[in-house]
$ cat protein-v1.cif   # mmCIF, N, CA, C and O atoms
data_query
#
loop_
_atom_site.label_atom_id
_atom_site.label_comp_id
_atom_site.auth_asym_id
_atom_site.auth_seq_id
_atom_site.Cartn_x
_atom_site.Cartn_y
_atom_site.Cartn_z
N MET A 958 15.62 9.94 -16.57
CA MET A 958 14.26 10.08 -16.08
C MET A 958 13.67 8.72 -15.68
O MET A 958 12.97 8.63 -14.71
N THR A 959 14.00 7.69 -16.43
CA THR A 959 13.49 6.36 -16.11
C THR A 959 14.03 5.86 -14.78
O THR A 959 13.29 5.24 -14.02
N VAL A 960 15.30 6.16 -14.50
CA VAL A 960 15.88 5.73 -13.23
C VAL A 960 15.17 6.41 -12.07
O VAL A 960 14.84 5.78 -11.06
N THR A 961 14.86 7.70 -12.22
CA THR A 961 14.15 8.42 -11.18
C THR A 961 12.77 7.82 -10.95
O THR A 961 12.34 7.64 -9.80
N ARG A 962 12.06 7.51 -12.03
CA ARG A 962 10.73 6.90 -11.90
C ARG A 962 10.83 5.51 -11.27
O ARG A 962 9.99 5.15 -10.45
N THR A 963 11.84 4.76 -11.63
CA THR A 963 12.02 3.43 -11.05
C THR A 963 12.26 3.52 -9.55
O THR A 963 11.67 2.78 -8.77
N VAL A 964 13.11 4.44 -9.14
CA VAL A 964 13.39 4.63 -7.71
C VAL A 964 12.14 5.09 -6.97
O VAL A 964 11.83 4.61 -5.88
N ALA A 965 11.39 6.00 -7.57
CA ALA A 965 10.18 6.51 -6.94
C ALA A 965 9.14 5.39 -6.77
O ALA A 965 8.56 5.23 -5.69
N TRP A 966 8.91 4.61 -7.81
CA TRP A 966 7.94 3.52 -7.71
C TRP A 966 8.41 2.44 -6.75
O TRP A 966 7.60 1.81 -6.07
N THR A 967 9.71 2.22 -6.70
CA THR A 967 10.25 1.26 -5.73
C THR A 967 9.99 1.73 -4.31
O THR A 967 9.58 0.94 -3.45
N ALA A 968 10.20 3.01 -4.05
CA ALA A 968 9.93 3.57 -2.71
C ALA A 968 8.45 3.45 -2.36
O ALA A 968 8.09 3.09 -1.23
N VAL A 969 7.59 3.75 -3.31
CA VAL A 969 6.15 3.64 -3.08
C VAL A 969 5.78 2.19 -2.75
O VAL A 969 5.02 1.92 -1.82
N ALA A 970 6.32 1.25 -3.50
CA ALA A 970 6.03 -0.16 -3.27
C ALA A 970 6.52 -0.61 -1.89
O ALA A 970 5.82 -1.35 -1.19
N LEU A 971 7.69 -0.15 -1.49
CA LEU A 971 8.21 -0.53 -0.17
C LEU A 971 7.36 0.02 0.96
O LEU A 971 7.10 -0.67 1.95
N VAL A 972 6.89 1.25 0.81
CA VAL A 972 6.01 1.84 1.84
C VAL A 972 4.69 1.07 1.89
O VAL A 972 4.19 0.75 2.98
N LEU A 973 4.13 0.76 0.74
CA LEU A 973 2.88 -0.01 0.72
C LEU A 973 3.05 -1.37 1.39
O LEU A 973 2.18 -1.81 2.14
N MET A 974 4.16 -2.02 1.13
CA MET A 974 4.41 -3.32 1.75
C MET A 974 4.66 -3.20 3.25
O MET A 974 4.17 -4.00 4.04
N ALA A 975 5.43 -2.19 3.64
CA ALA A 975 5.79 -2.04 5.05
C ALA A 975 4.59 -1.75 5.93
O ALA A 975 4.53 -2.19 7.08
N LEU A 976 3.63 -1.01 5.41
CA LEU A 976 2.47 -0.64 6.22
C LEU A 976 1.22 -1.48 5.92
O LEU A 976 0.15 -1.20 6.45
N ALA A 977 1.36 -2.52 5.11
CA ALA A 977 0.21 -3.36 4.78
C ALA A 977 -0.30 -4.12 6.00
O ALA A 977 -1.49 -4.33 6.15
N VAL A 978 0.61 -4.56 6.85
CA VAL A 978 0.22 -5.27 8.06
C VAL A 978 0.27 -4.29 9.23
O VAL A 978 1.34 -3.77 9.56
N PRO A 979 -0.87 -4.02 9.83
CA PRO A 979 -0.91 -3.02 10.91
C PRO A 979 -0.42 -3.58 12.24
O PRO A 979 -1.18 -3.74 13.19
N TRP A 980 0.87 -3.88 12.31
CA TRP A 980 1.44 -4.46 13.53
C TRP A 980 1.24 -3.56 14.74
O TRP A 980 1.13 -4.03 15.87
N PHE A 981 1.15 -2.26 14.53
CA PHE A 981 0.98 -1.31 15.63
C PHE A 981 -0.45 -1.33 16.18
O PHE A 981 -0.71 -0.75 17.22
N LEU A 982 -1.37 -2.01 15.51
CA LEU A 982 -2.76 -2.11 15.99
C LEU A 982 -3.09 -3.50 16.55
O LEU A 982 -4.22 -3.73 16.97
N TRP A 983 -2.15 -4.41 16.56
CA TRP A 983 -2.43 -5.78 16.97
C TRP A 983 -2.93 -5.88 18.41
O TRP A 983 -3.75 -6.73 18.72
N ASP A 984 -2.44 -5.05 19.29
CA ASP A 984 -2.87 -5.11 20.69
C ASP A 984 -4.11 -4.27 20.97
O ASP A 984 -4.60 -4.24 22.09
N SER A 985 -4.61 -3.61 19.95
CA SER A 985 -5.77 -2.75 20.12
C SER A 985 -7.06 -3.56 20.08
O SER A 985 -7.26 -4.39 19.19
N GLY A 986 -7.92 -3.33 21.05
CA GLY A 986 -9.21 -3.99 21.07
C GLY A 986 -10.32 -3.08 20.59
O GLY A 986 -11.50 -3.39 20.73
N THR A 987 -9.95 -1.95 20.00
CA THR A 987 -10.92 -0.98 19.54
C THR A 987 -11.75 -1.54 18.39
O THR A 987 -11.22 -2.15 17.48
N VAL A 988 -13.06 -1.28 18.48
CA VAL A 988 -13.98 -1.76 17.46
C VAL A 988 -14.70 -0.56 16.85
O VAL A 988 -15.10 0.36 17.56
N ALA A 989 -14.83 -0.56 15.53
CA ALA A 989 -15.57 0.50 14.83
C ALA A 989 -16.53 -0.17 13.85
O ALA A 989 -16.12 -1.03 13.07
N ALA A 990 -17.78 0.22 13.93
CA ALA A 990 -18.83 -0.35 13.06
C ALA A 990 -18.87 -1.87 13.13
O ALA A 990 -19.08 -2.55 12.13
N GLY A 991 -18.59 -2.40 14.32
CA GLY A 991 -18.69 -3.83 14.53
C GLY A 991 -17.47 -4.65 14.15
O GLY A 991 -17.47 -5.86 14.32
N LEU A 992 -16.44 -4.01 13.62
CA LEU A 992 -15.23 -4.73 13.23
C LEU A 992 -14.01 -4.11 13.92
O LEU A 992 -13.99 -2.91 14.18
N PRO A 993 -12.99 -4.91 14.17
CA PRO A 993 -11.77 -4.38 14.78
C PRO A 993 -11.11 -3.32 13.89
O PRO A 993 -11.17 -3.40 12.66
N VAL A 994 -10.48 -2.35 14.54
CA VAL A 994 -9.84 -1.26 13.81
C VAL A 994 -8.75 -1.79 12.88
O VAL A 994 -8.57 -1.29 11.77
N TRP A 995 -8.02 -2.82 13.32
CA TRP A 995 -6.96 -3.35 12.47
C TRP A 995 -7.51 -3.90 11.16
O TRP A 995 -6.85 -3.84 10.13
N LEU A 996 -8.74 -4.43 11.19
CA LEU A 996 -9.35 -4.93 9.97
C LEU A 996 -9.73 -3.78 9.04
O LEU A 996 -9.54 -3.85 7.82
N TRP A 997 -10.24 -2.69 9.61
CA TRP A 997 -10.54 -1.49 8.81
C TRP A 997 -9.27 -0.94 8.17
O TRP A 997 -9.29 -0.48 7.04
N TRP A 998 -8.17 -0.95 8.94
CA TRP A 998 -6.89 -0.50 8.39
C TRP A 998 -6.54 -1.33 7.16
O TRP A 998 -6.16 -0.81 6.13
N HIS A 999 -6.67 -2.64 7.29
CA HIS A 999 -6.30 -3.53 6.19
C HIS A 999 -7.19 -3.28 4.96
O HIS A 999 -6.69 -3.22 3.84
N VAL A 1000 -8.48 -3.14 5.17
CA VAL A 1000 -9.39 -2.88 4.05
C VAL A 1000 -9.04 -1.54 3.39
O VAL A 1000 -8.93 -1.45 2.16
N GLY A 1001 -8.84 -0.51 4.18
CA GLY A 1001 -8.47 0.79 3.63
C GLY A 1001 -7.14 0.75 2.91
O GLY A 1001 -6.97 1.38 1.85
N TRP A 1002 -6.20 0.02 3.46
CA TRP A 1002 -4.88 -0.07 2.84
C TRP A 1002 -4.95 -0.79 1.50
O TRP A 1002 -4.26 -0.43 0.54
N MET A 1003 -5.80 -1.80 1.40
CA MET A 1003 -5.96 -2.51 0.12
C MET A 1003 -6.63 -1.61 -0.92
O MET A 1003 -6.28 -1.66 -2.11
N VAL A 1004 -7.54 -0.76 -0.49
CA VAL A 1004 -8.15 0.21 -1.41
C VAL A 1004 -7.07 1.18 -1.90
O VAL A 1004 -6.97 1.47 -3.10
N LEU A 1005 -6.25 1.68 -0.98
CA LEU A 1005 -5.16 2.57 -1.35
C LEU A 1005 -4.17 1.89 -2.31
O LEU A 1005 -3.77 2.47 -3.32
N ALA A 1006 -3.79 0.66 -1.99
CA ALA A 1006 -2.86 -0.08 -2.84
C ALA A 1006 -3.45 -0.29 -4.24
O ALA A 1006 -2.73 -0.20 -5.24
N SER A 1007 -4.73 -0.56 -4.31
CA SER A 1007 -5.38 -0.72 -5.61
C SER A 1007 -5.35 0.57 -6.41
O SER A 1007 -5.11 0.55 -7.63
N ALA A 1008 -5.60 1.68 -5.75
CA ALA A 1008 -5.57 2.98 -6.44
C ALA A 1008 -4.15 3.30 -6.93
O ALA A 1008 -3.98 3.76 -8.06
N VAL A 1009 -3.16 3.03 -6.10
CA VAL A 1009 -1.77 3.27 -6.51
C VAL A 1009 -1.40 2.38 -7.68
O VAL A 1009 -0.76 2.83 -8.64
N PHE A 1010 -1.82 1.13 -7.65
CA PHE A 1010 -1.53 0.23 -8.77
C PHE A 1010 -2.21 0.71 -10.04
O PHE A 1010 -1.63 0.61 -11.13
N ALA A 1011 -3.43 1.21 -9.93
CA ALA A 1011 -4.13 1.73 -11.11
C ALA A 1011 -3.37 2.89 -11.73
O ALA A 1011 -3.22 2.97 -12.95
N VAL A 1012 -2.85 3.78 -10.89
CA VAL A 1012 -2.05 4.90 -11.39
C VAL A 1012 -0.78 4.38 -12.05
O VAL A 1012 -0.41 4.81 -13.15
N PHE A 1013 -0.12 3.45 -11.41
CA PHE A 1013 1.10 2.86 -11.97
C PHE A 1013 0.82 2.20 -13.32
O PHE A 1013 1.57 2.39 -14.28
N ALA A 1014 -0.26 1.44 -13.39
CA ALA A 1014 -0.58 0.73 -14.63
C ALA A 1014 -0.89 1.69 -15.77
O ALA A 1014 -0.56 1.42 -16.92
N ARG A 1015 -1.53 2.83 -15.46
CA ARG A 1015 -1.88 3.79 -16.50
C ARG A 1015 -0.70 4.65 -16.93
O ARG A 1015 -0.63 5.09 -18.07
N THR A 1016 0.24 4.91 -16.02
CA THR A 1016 1.29 5.89 -16.32
C THR A 1016 2.66 5.27 -16.60
O THR A 1016 3.34 5.71 -17.53
N ASP A 1017 3.08 4.33 -15.82
CA ASP A 1017 4.46 3.86 -15.90
C ASP A 1017 4.63 2.35 -16.02
O ASP A 1017 5.62 1.80 -15.58
N TRP A 1018 3.65 1.69 -16.57
CA TRP A 1018 3.76 0.24 -16.71
C TRP A 1018 5.00 -0.10 -17.51
O TRP A 1018 5.22 0.43 -18.58
N GLY A 1019 5.84 -0.95 -16.98
CA GLY A 1019 7.06 -1.36 -17.68
C GLY A 1019 8.30 -0.63 -17.20
O GLY A 1019 9.41 -0.96 -17.60
N VAL A 1020 8.14 0.36 -16.32
CA VAL A 1020 9.30 1.06 -15.78
C VAL A 1020 10.12 0.06 -14.96
O VAL A 1020 9.59 -0.68 -14.15
N GLY A 1021 11.41 0.07 -15.18
CA GLY A 1021 12.29 -0.84 -14.46
C GLY A 1021 12.44 -2.20 -15.10
O GLY A 1021 13.17 -3.03 -14.60
N VAL A 1022 11.74 -2.41 -16.20
CA VAL A 1022 11.84 -3.69 -16.91
C VAL A 1022 12.75 -3.49 -18.12
O VAL A 1022 12.62 -2.53 -18.86
N GLY A 1023 13.64 -4.39 -18.28
CA GLY A 1023 14.54 -4.30 -19.44
C GLY A 1023 15.79 -3.49 -19.12
O GLY A 1023 16.07 -3.11 -17.99
N GLY A 1024 16.54 -3.19 -20.13
CA GLY A 1024 17.80 -2.53 -19.88
C GLY A 1024 17.97 -1.36 -20.68
O GLY A 1024 18.03 -0.31 -20.85
#
$ encode --input "protein-v1.cif" --output "structure tokens"
Amino acid sequence: MTVTRTVAWTAVALVLMALAVPWFLWDSGTVAAGLPVWLWWHVGWMVLASAVFAVFARTDWGVGVGG
């Protein structure tokens, strides 16, 4: 069960890292509420990453550590 949780959290971390930088929005000049859309993406993504980390810290802190 620990191996499954480790793999799952690793996958979640990789997705969070891969989509943290909105490279697909770099050429976009779209503005929402006075700020570029790519900046809103980044702010929203950091909120999501914080929520995921809070869940990880409450449920599986220490998974993948040790042998």
$ residues_around --input "protein-v1.cif" --residues "Thr959 (chain A)" --least-positions-apart "6" --cutoff "8 Å" --atoms "only N, CA, C and O atoms" --output "VMD selection string"
chain A and resid 965 to 966 1020 to 1021
$ residues_around --input "protein-v1.cif" --residues "Leu996 (chain A)" --least-positions-apart "4" --cutoff "8 Å" --atoms "only N, CA, C and O atoms" --output "JSON, numbers by chain"
{"A": [979, 982, 987, 992, 1000, 1001, 1002, 1003]}
$ residues_around --input "protein-v1.cif" --residues "Thr963 (chain A)" --least-positions-apart "6" --cutoff "12 Å" --atoms "only C-alpha atoms" --output "PyMOL selection string"
chain A and resi 969-970+1013+1017-1023
$ write_last_selection --input "protein-v1.cif" --atoms "N, CA, C and O atoms" --output "CSV table (one decimal), in the frame of the given file"
chain,number,residue,atom,x,y,z
A,969,VAL,N,7.6,3.8,-3.3
A,969,VAL,CA,6.2,3.6,-3.1
A,969,VAL,C,5.8,2.2,-2.8
A,969,VAL,O,5.0,1.9,-1.8
A,970,ALA,N,6.3,1.2,-3.5
A,970,ALA,CA,6.0,-0.2,-3.3
A,970,ALA,C,6.5,-0.6,-1.9
A,970,ALA,O,5.8,-1.4,-1.2
A,1013,PHE,N,-0.1,3.4,-11.4
A,1013,PHE,CA,1.1,2.9,-12.0
A,1013,PHE,C,0.8,2.2,-13.3
A,1013,PHE,O,1.6,2.4,-14.3
A,1017,ASP,N,3.1,4.3,-15.8
A,1017,ASP,CA,4.5,3.9,-15.9
A,1017,ASP,C,4.6,2.4,-16.0
A,1017,ASP,O,5.6,1.8,-15.6
A,1018,TRP,N,3.6,1.7,-16.6
A,1018,TRP,CA,3.8,0.2,-16.7
A,1018,TRP,C,5.0,-0.1,-17.5
A,1018,TRP,O,5.2,0.4,-18.6
A,1019,GLY,N,5.8,-1.0,-17.0
A,1019,GLY,CA,7.1,-1.4,-17.7
A,1019,GLY,C,8.3,-0.6,-17.2
A,1019,GLY,O,9.4,-1.0,-17.6
A,1020,VAL,N,8.1,0.4,-16.3
A,1020,VAL,CA,9.3,1.1,-15.8
A,1020,VAL,C,10.1,0.1,-15.0
A,1020,VAL,O,9.6,-0.7,-14.2
A,1021,GLY,N,11.4,0.1,-15.2
A,1021,GLY,CA,12.3,-0.8,-14.5
A,1021,GLY,C,12.4,-2.2,-15.1
A,1021,GLY,O,13.2,-3.0,-14.6
A,1022,VAL,N,11.7,-2.4,-16.2
A,1022,VAL,CA,11.8,-3.7,-16.9
A,1022,VAL,C,12.8,-3.5,-18.1
A,1022,VAL,O,12.6,-2.5,-18.9
A,1023,GLY,N,13.6,-4.4,-18.3
A,1023,GLY,CA,14.5,-4.3,-19.4
A,1023,GLY,C,15.8,-3.5,-19.1
A,1023,GLY,O,16.1,-3.1,-18.0
$ select_by_dssp --input "protein-v1.cif" --residues "chain A" --states "strand (DSSP E)" --output "ChimeraX atom specification"
/A:988-989,992-993
$ atom_distance --input "protein-v1.cif" --atom1 "CA of Val978 (chain A)" --atom2 "CA of Thr1016 (chain A)"
26.8 Å
$ select_by_dssp --input "protein-v1.cif" --residues "chain A" --states "helix (DSSP H, G or I)" --output "PyMOL selection string"
chain A and resi 959-975+980-982+994-1016
$ atom_distance --input "protein-v1.cif" --atom1 "CA of Ala975 (chain A)" --atom2 "atom C of Ser1007 (chain A)"
16.2 Å
$ axis_aligned_box --input "protein-v1.cif" --around "region 985-989 of chain A" --padding-each-side "5 Å" --output "lines of an AutoDock Vina configuration file"
center_x = -10.6
center_y = -1.9
center_z = 17.1
size_x = 21.9
size_y = 14.9
size_z = 18.0
$ atom_distance --input "protein-v1.cif" --atom1 "atom O of Val994 (chain A)" --atom2 "atom O of Phe981 (chain A)"
9.6 Å
$ closest_residue --input "protein-v1.cif" --among "A:Val960, A:Gly986, A:Trp995, A:Ala1006" --to "Met974 (chain A)" --atoms "only C-alpha atoms"
A:Ala1006
$ build_atoms --input "protein-v1.cif" --residues "region 960-971 of chain A" --atoms "all heavy atoms" --output "compact mmCIF listing (two decimals), keeping the file's coordinate frame"
# COMPACT_ATOMS: atom_id res chain seq x y z
N VAL A 960 15.30 6.16 -14.50
CA VAL A 960 15.88 5.73 -13.23
C VAL A 960 15.17 6.41 -12.07
O VAL A 960 14.84 5.78 -11.06
CB VAL A 960 17.40 6.03 -13.19
CG1 VAL A 960 17.96 5.75 -11.82
CG2 VAL A 960 18.12 5.22 -14.25
N THR A 961 14.86 7.70 -12.22
CA THR A 961 14.15 8.42 -11.18
C THR A 961 12.77 7.82 -10.95
O THR A 961 12.34 7.64 -9.80
CB THR A 961 14.00 9.91 -11.56
OG1 THR A 961 15.30 10.43 -11.80
CG2 THR A 961 13.34 10.70 -10.47
N ARG A 962 12.06 7.51 -12.03
CA ARG A 962 10.73 6.90 -11.90
C ARG A 962 10.83 5.51 -11.27
O ARG A 962 9.99 5.15 -10.45
CB ARG A 962 10.05 6.81 -13.25
CG ARG A 962 9.56 8.14 -13.75
CD ARG A 962 8.79 7.95 -15.05
NE ARG A 962 8.30 9.19 -15.56
CZ ARG A 962 7.08 9.67 -15.29
NH1 ARG A 962 6.27 9.01 -14.52
NH2 ARG A 962 6.70 10.83 -15.80
N THR A 963 11.84 4.76 -11.63
CA THR A 963 12.02 3.43 -11.05
C THR A 963 12.26 3.52 -9.55
O THR A 963 11.67 2.78 -8.77
CB THR A 963 13.20 2.70 -11.73
OG1 THR A 963 12.94 2.61 -13.13
CG2 THR A 963 13.40 1.32 -11.15
N VAL A 964 13.11 4.44 -9.14
CA VAL A 964 13.39 4.63 -7.71
C VAL A 964 12.14 5.09 -6.97
O VAL A 964 11.83 4.61 -5.88
CB VAL A 964 14.56 5.63 -7.52
CG1 VAL A 964 14.72 6.01 -6.07
CG2 VAL A 964 15.85 5.04 -8.06
N ALA A 965 11.39 6.00 -7.57
CA ALA A 965 10.18 6.51 -6.94
C ALA A 965 9.14 5.39 -6.77
O ALA A 965 8.56 5.23 -5.69
CB ALA A 965 9.60 7.65 -7.75
N TRP A 966 8.91 4.61 -7.81
CA TRP A 966 7.94 3.52 -7.71
C TRP A 966 8.41 2.44 -6.75
O TRP A 966 7.60 1.81 -6.07
CB TRP A 966 7.62 2.94 -9.08
CG TRP A 966 6.64 3.77 -9.83
CD1 TRP A 966 6.86 4.45 -11.00
CD2 TRP A 966 5.28 4.05 -9.48
NE1 TRP A 966 5.72 5.12 -11.38
CE2 TRP A 966 4.73 4.90 -10.46
CE3 TRP A 966 4.47 3.68 -8.41
CZ2 TRP A 966 3.42 5.35 -10.42
CZ3 TRP A 966 3.16 4.14 -8.37
CH2 TRP A 966 2.65 4.96 -9.35
N THR A 967 9.71 2.22 -6.70
CA THR A 967 10.25 1.26 -5.73
C THR A 967 9.99 1.73 -4.31
O THR A 967 9.58 0.94 -3.45
CB THR A 967 11.76 1.05 -5.96
OG1 THR A 967 11.95 0.56 -7.29
CG2 THR A 967 12.33 0.06 -4.96
N ALA A 968 10.20 3.01 -4.05
CA ALA A 968 9.93 3.57 -2.71
C ALA A 968 8.45 3.45 -2.36
O ALA A 968 8.09 3.09 -1.23
CB ALA A 968 10.39 5.02 -2.66
N VAL A 969 7.59 3.75 -3.31
CA VAL A 969 6.15 3.64 -3.08
C VAL A 969 5.78 2.19 -2.75
O VAL A 969 5.02 1.92 -1.82
CB VAL A 969 5.35 4.15 -4.30
CG1 VAL A 969 3.88 3.79 -4.19
CG2 VAL A 969 5.51 5.65 -4.45
N ALA A 970 6.32 1.25 -3.50
CA ALA A 970 6.03 -0.16 -3.27
C ALA A 970 6.52 -0.61 -1.89
O ALA A 970 5.82 -1.35 -1.19
CB ALA A 970 6.67 -1.02 -4.35
N LEU A 971 7.69 -0.15 -1.49
CA LEU A 971 8.21 -0.53 -0.17
C LEU A 971 7.36 0.02 0.96
O LEU A 971 7.10 -0.67 1.95
CB LEU A 971 9.66 -0.06 -0.04
CG LEU A 971 10.67 -0.82 -0.91
CD1 LEU A 971 12.05 -0.17 -0.81
CD2 LEU A 971 10.73 -2.28 -0.51
